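J.: Handing you a structure now.
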Amino acid sequence: MDHKFAAQLYTVRENLKEEGIRPVFKKLKEMGWAGVQISALPKDYDQNEVALALKENDLQAAGMHVSLTRIKNDLDDVLREADLYGTKDIILPFVTEDLRKPESYKELKELLNEAAKTAPEYRFSYHNHAFEFEIEIDGQDALRFMLEPSGDNQILAELDVYWLKKAGKDPLAFITPYANRMPIIHLKDMTNDHRQTFAEVGEGIIDFIPILQWGERNGVEWYAVEQDVCERPPLECLETSLRNLKKFEKQAGMTLR
């Protein structure tokens with residue numbers, strides 16, 4: 001079983017509410033996932049239950065998606081939770097519409113860099129959508145502004161190849177400047193029709209083999225699969241994505257390190 005493929009829990013958010021954390025984690029392990037990315041857990045979830053579900057299923061935590069509110073107002077608790085799950089990766093997954101303006105992004109960049117300086121043993125990353133490309137800051141789009149690969153910017157990338165494609169970018173070309181600055185990458189596919197909506201990895205139009213090859217050369221530690229909307233049961237969609245990822249690995253002649 002490949003040890004770098006992780007299921008992003010947002011995909012199975014309804015399963016988690018209906019079936020519970022431990023049963024869903026068990027199904028993901030049996031399916032063949034090496035890890036899960038912590039996100040979209042039921043309201044008032046028990047952190048100790050999540051840690052137990054990881055341990056009893058021998059699943060790794062491939063980072064945590066954490067709201068801006070928690071990072072800003074309760075960073076100590078975020079770090080304690082990360083320690084409980086055995087991860088050092090804390091990712092800001094989304095920016096609300098009211099903050100999608102240049103001055104807010106400048107504050108976000110300062111906030112995340114300050115968090116990284118306060119807790120240098122952890123890694124802070126930013127996850128993109130497509131709206132960042134509609135915001136210009138100092139002559140560049142908001143995503144490039146946030147992820148500027150310079151020594152004084154400690155914000156790492158968690159680039160999502162679907163949203164890059166949705167914004168009209170070539171995913172492989174766009175990720176290239178972030179070599180060794182992207183411990184986790186988000187993989188999802190795009191349907192080959194006028195909708196350009198979410199698809200299982202390998203069932204759409206994105207070419208994943210060169211992305212995987214680039215990741216192996218440039219420091220990617222986890223390939224997290226997320227499907228925001230599923231047209232079949234979410235667990236079936238994740239199973240298809242994992243099967244195709246393993247097929248791509250073989251086709252590329254790779255063994256993920």
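Identifiers in this document derive from the order of the structure tokens: chains are assigned A, B, ..., residues are numbered from 1 separately in each chain, and ligands are numbered from 1 in order of occurrence.
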Assign secondary structure with DSSP using the backbone only, and return the residues of region 8-241 of chain A in strand (DSSP E) as a ChimeraX atom specification.
T.: /A:8,35-38,60-65,89-92,123-127,136-137,140-141,156-158,184-187,189-190,198-199,222-225
J.: Using only C-alpha atoms, find each residue in region 121-228 of chain A having at least one atom no more than 9 Å away from region 55-66 of chain A; report its shortest atom-to-atom pair and that distance in Å (one decimal), rows by chain then rising number, as CSV.
T.:
residue,atom,partner,partner_atom,distance
A:His127,CA,A:His65,CA,8.8
A:Ile184,CA,A:Ala62,CA,7.7
A:Glu221,CA,A:Ala62,CA,8.6
A:Trp222,CA,A:Ala62,CA,6.5
A:Tyr223,CA,A:Ala62,CA,8.7
A:Ala224,CA,A:Ala62,CA,7.6
J.: Tell me which protein, DNA and RNA residues are within 6 Å of Val201 (chain A), counting only C-alpha atoms, leaving out same-chain ones fewer than 4 positions away, and put them as a PyMOL selection string.
T.: chain A and resi 188-189+241
J.: Tell me which protein, DNA and RNA residues are within 12 Å of Met146 (chain A), counting only C-alpha atoms, leaving out same-chain ones fewer than 6 positions away, and put them as an MDAnalysis selection string.
T.: chainID A and resid 92 102 104:113 124:128 132:133 135:138 140 152:159 178
J.: For the selection just defined, write its residues with N, CA and C atoms to a file, as a tab-separated table (two decimals), in the first residue's frame.
T.:
chain	number	residue	atom	x	y	z
A	92	LEU	N	-4.63	26.72	6.19
A	92	LEU	CA	-5.80	27.58	6.07
A	92	LEU	C	-6.51	27.20	4.78
A	102	PRO	N	-7.53	43.07	-1.27
A	102	PRO	CA	-6.09	43.19	-1.06
A	102	PRO	C	-5.68	43.43	0.39
A	104	SER	N	-7.13	42.65	3.14
A	104	SER	CA	-7.33	41.47	3.98
A	104	SER	C	-6.26	40.43	3.73
A	105	TYR	N	-5.88	40.25	2.47
A	105	TYR	CA	-4.83	39.28	2.17
A	105	TYR	C	-3.48	39.70	2.76
A	106	LYS	N	-3.23	40.99	2.79
A	106	LYS	CA	-2.00	41.45	3.42
A	106	LYS	C	-2.00	41.13	4.91
A	107	GLU	N	-3.15	41.27	5.55
A	107	GLU	CA	-3.27	40.92	6.96
A	107	GLU	C	-3.13	39.40	7.16
A	108	LEU	N	-3.73	38.62	6.26
A	108	LEU	CA	-3.63	37.15	6.34
A	108	LEU	C	-2.18	36.69	6.23
A	109	LYS	N	-1.48	37.29	5.28
A	109	LYS	CA	-0.08	36.90	5.09
A	109	LYS	C	0.74	37.20	6.33
A	110	GLU	N	0.50	38.36	6.92
A	110	GLU	CA	1.21	38.73	8.15
A	110	GLU	C	0.84	37.80	9.30
A	111	LEU	N	-0.45	37.47	9.40
A	111	LEU	CA	-0.92	36.60	10.48
A	111	LEU	C	-0.30	35.21	10.39
A	112	LEU	N	-0.30	34.61	9.20
A	112	LEU	CA	0.24	33.26	9.04
A	112	LEU	C	1.75	33.24	9.24
A	113	ASN	N	2.43	34.28	8.78
A	113	ASN	CA	3.87	34.35	9.02
A	113	ASN	C	4.18	34.51	10.50
A	124	PHE	N	2.86	26.02	8.29
A	124	PHE	CA	1.60	26.68	7.98
A	124	PHE	C	1.49	26.85	6.46
A	125	SER	N	0.38	26.38	5.92
A	125	SER	CA	0.17	26.41	4.48
A	125	SER	C	-1.16	27.07	4.13
A	126	TYR	N	-1.27	27.43	2.85
A	126	TYR	CA	-2.50	28.05	2.34
A	126	TYR	C	-3.03	27.19	1.20
A	127	HIS	N	-4.33	26.89	1.26
A	127	HIS	CA	-5.00	26.10	0.23
A	127	HIS	C	-5.83	27.02	-0.66
A	128	ASN	N	-5.68	26.86	-1.96
A	128	ASN	CA	-6.31	27.78	-2.91
A	128	ASN	C	-7.65	27.28	-3.44
A	132	GLU	N	-8.78	33.50	-5.90
A	132	GLU	CA	-7.56	34.26	-5.64
A	132	GLU	C	-7.04	34.96	-6.90
A	133	PHE	N	-7.34	34.37	-8.05
A	133	PHE	CA	-6.82	34.94	-9.29
A	133	PHE	C	-7.60	36.18	-9.72
A	135	ILE	N	-8.10	38.67	-7.62
A	135	ILE	CA	-7.67	39.72	-6.69
A	135	ILE	C	-6.23	40.10	-7.00
A	136	GLU	N	-5.98	41.36	-7.23
A	136	GLU	CA	-4.62	41.81	-7.55
A	136	GLU	C	-4.03	42.54	-6.34
A	137	ILE	N	-2.81	42.14	-5.99
A	137	ILE	CA	-2.10	42.76	-4.88
A	137	ILE	C	-0.67	43.06	-5.33
A	138	ASP	N	-0.32	44.29	-5.35
A	138	ASP	CA	1.04	44.71	-5.73
A	138	ASP	C	1.47	44.08	-7.05
A	140	GLN	N	0.35	41.36	-8.60
A	140	GLN	CA	0.24	39.92	-8.78
A	140	GLN	C	-1.07	39.44	-8.16
A	152	ASP	N	11.83	35.18	3.41
A	152	ASP	CA	11.14	35.80	4.53
A	152	ASP	C	9.64	35.47	4.57
A	153	ASN	N	9.17	34.69	3.60
A	153	ASN	CA	7.77	34.25	3.62
A	153	ASN	C	7.74	32.78	4.02
A	154	GLN	N	7.17	32.51	5.18
A	154	GLN	CA	7.14	31.14	5.69
A	154	GLN	C	5.85	30.39	5.38
A	155	ILE	N	4.97	30.99	4.59
A	155	ILE	CA	3.72	30.32	4.22
A	155	ILE	C	4.01	29.33	3.10
A	156	LEU	N	3.66	28.08	3.35
A	156	LEU	CA	3.86	27.02	2.36
A	156	LEU	C	2.60	26.85	1.52
A	157	ALA	N	2.75	26.13	0.43
A	157	ALA	CA	1.64	25.92	-0.50
A	157	ALA	C	0.94	24.60	-0.23
A	158	GLU	N	-0.39	24.63	-0.35
A	158	GLU	CA	-1.15	23.40	-0.52
A	158	GLU	C	-2.03	23.65	-1.75
A	159	LEU	N	-1.42	23.50	-2.91
A	159	LEU	CA	-2.10	23.82	-4.14
A	159	LEU	C	-3.07	22.72	-4.55
A	178	TYR	N	7.10	26.17	-6.54
A	178	TYR	CA	6.94	25.83	-5.13
A	178	TYR	C	7.63	24.51	-4.78
J.: Could you work out how far CA of Leu79 (chain A) lies from CA of Phe145 (chain A), giving the answer in Å with one decimal?
T.: 25.6 Å
J.: Name the closest residue to Gly202 (chain A) among the candidates A:Cys237, A:Leu147, A:Ile71, A:Val220; distances are taken between atoms, counting only C-alpha atoms.
T.: A:Cys237
J.: Quick one: residues within 8 Å of Ala7 (chain A), only C-alpha atoms, excluding same-chain residues fewer than 2 positions away - as a JSON list (two decimals) with N, CA and C atoms, in the first residue's frame?
T.:
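Wrote it out as selection24.json, contents follow:
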[["chain", "number", "residue", "atom", "x", "y", "z"],
["A", 5, "PHE", "N", -0.68, 8.45, -0.02],
["A", 5, "PHE", "CA", -2.01, 8.79, -0.48],
["A", 5, "PHE", "C", -2.94, 8.96, 0.72],
["A", 9, "LEU", "N", -10.99, 14.46, 4.35],
["A", 9, "LEU", "CA", -12.25, 14.09, 4.99],
["A", 9, "LEU", "C", -13.44, 14.96, 4.56],
["A", 11, "THR", "N", -14.50, 15.15, 1.73],
["A", 11, "THR", "CA", -15.19, 14.30, 0.77],
["A", 11, "THR", "C", -16.28, 13.47, 1.45],
["A", 28, "LEU", "N", -11.95, 3.67, 5.38],
["A", 28, "LEU", "CA", -10.89, 4.26, 4.58],
["A", 28, "LEU", "C", -9.61, 3.44, 4.67],
["A", 33, "TRP", "N", -6.17, 3.50, 2.02],
["A", 33, "TRP", "CA", -5.56, 4.80, 2.25],
["A", 33, "TRP", "C", -4.53, 4.73, 3.37],
["A", 35, "GLY", "N", -3.41, 7.60, 4.86],
["A", 35, "GLY", "CA", -3.66, 8.70, 5.78],
["A", 35, "GLY", "C", -4.98, 9.38, 5.48],
["A", 36, "VAL", "N", -5.34, 10.29, 6.35],
["A", 36, "VAL", "CA", -6.49, 11.16, 6.14],
["A", 36, "VAL", "C", -6.07, 12.58, 6.45],
["A", 37, "GLN", "N", -6.65, 13.51, 5.73],
["A", 37, "GLN", "CA", -6.41, 14.91, 6.07],
["A", 37, "GLN", "C", -7.60, 15.38, 6.90],
["A", 224, "ALA", "N", -3.16, 14.40, -1.19],
["A", 224, "ALA", "CA", -4.47, 14.35, -0.54],
["A", 224, "ALA", "C", -5.57, 14.47, -1.59],
["A", 225, "VAL", "N", -6.44, 13.48, -1.63],
["A", 225, "VAL", "CA", -7.51, 13.44, -2.62],
["A", 225, "VAL", "C", -8.79, 13.99, -2.01],
["A", 226, "GLU", "N", -9.33, 15.00, -2.66],
["A", 226, "GLU", "CA", -10.57, 15.62, -2.20],
["A", 226, "GLU", "C", -11.53, 15.72, -3.37],
["A", 238, "LEU", "N", -13.92, 7.85, -3.68],
["A", 238, "LEU", "CA", -12.56, 7.77, -3.15],
["A", 238, "LEU", "C", -11.89, 6.46, -3.55]]
J.: Can you pull out every residue within 8 Å of Glu203 (chain A), counting only C-alpha atoms, but drop anything in the same chain fewer than 2 positions away, and send it as a list in words?
T.: Asp189, Met190, Thr191, Ala199, Glu200, Val201 and Ile205 of chain A
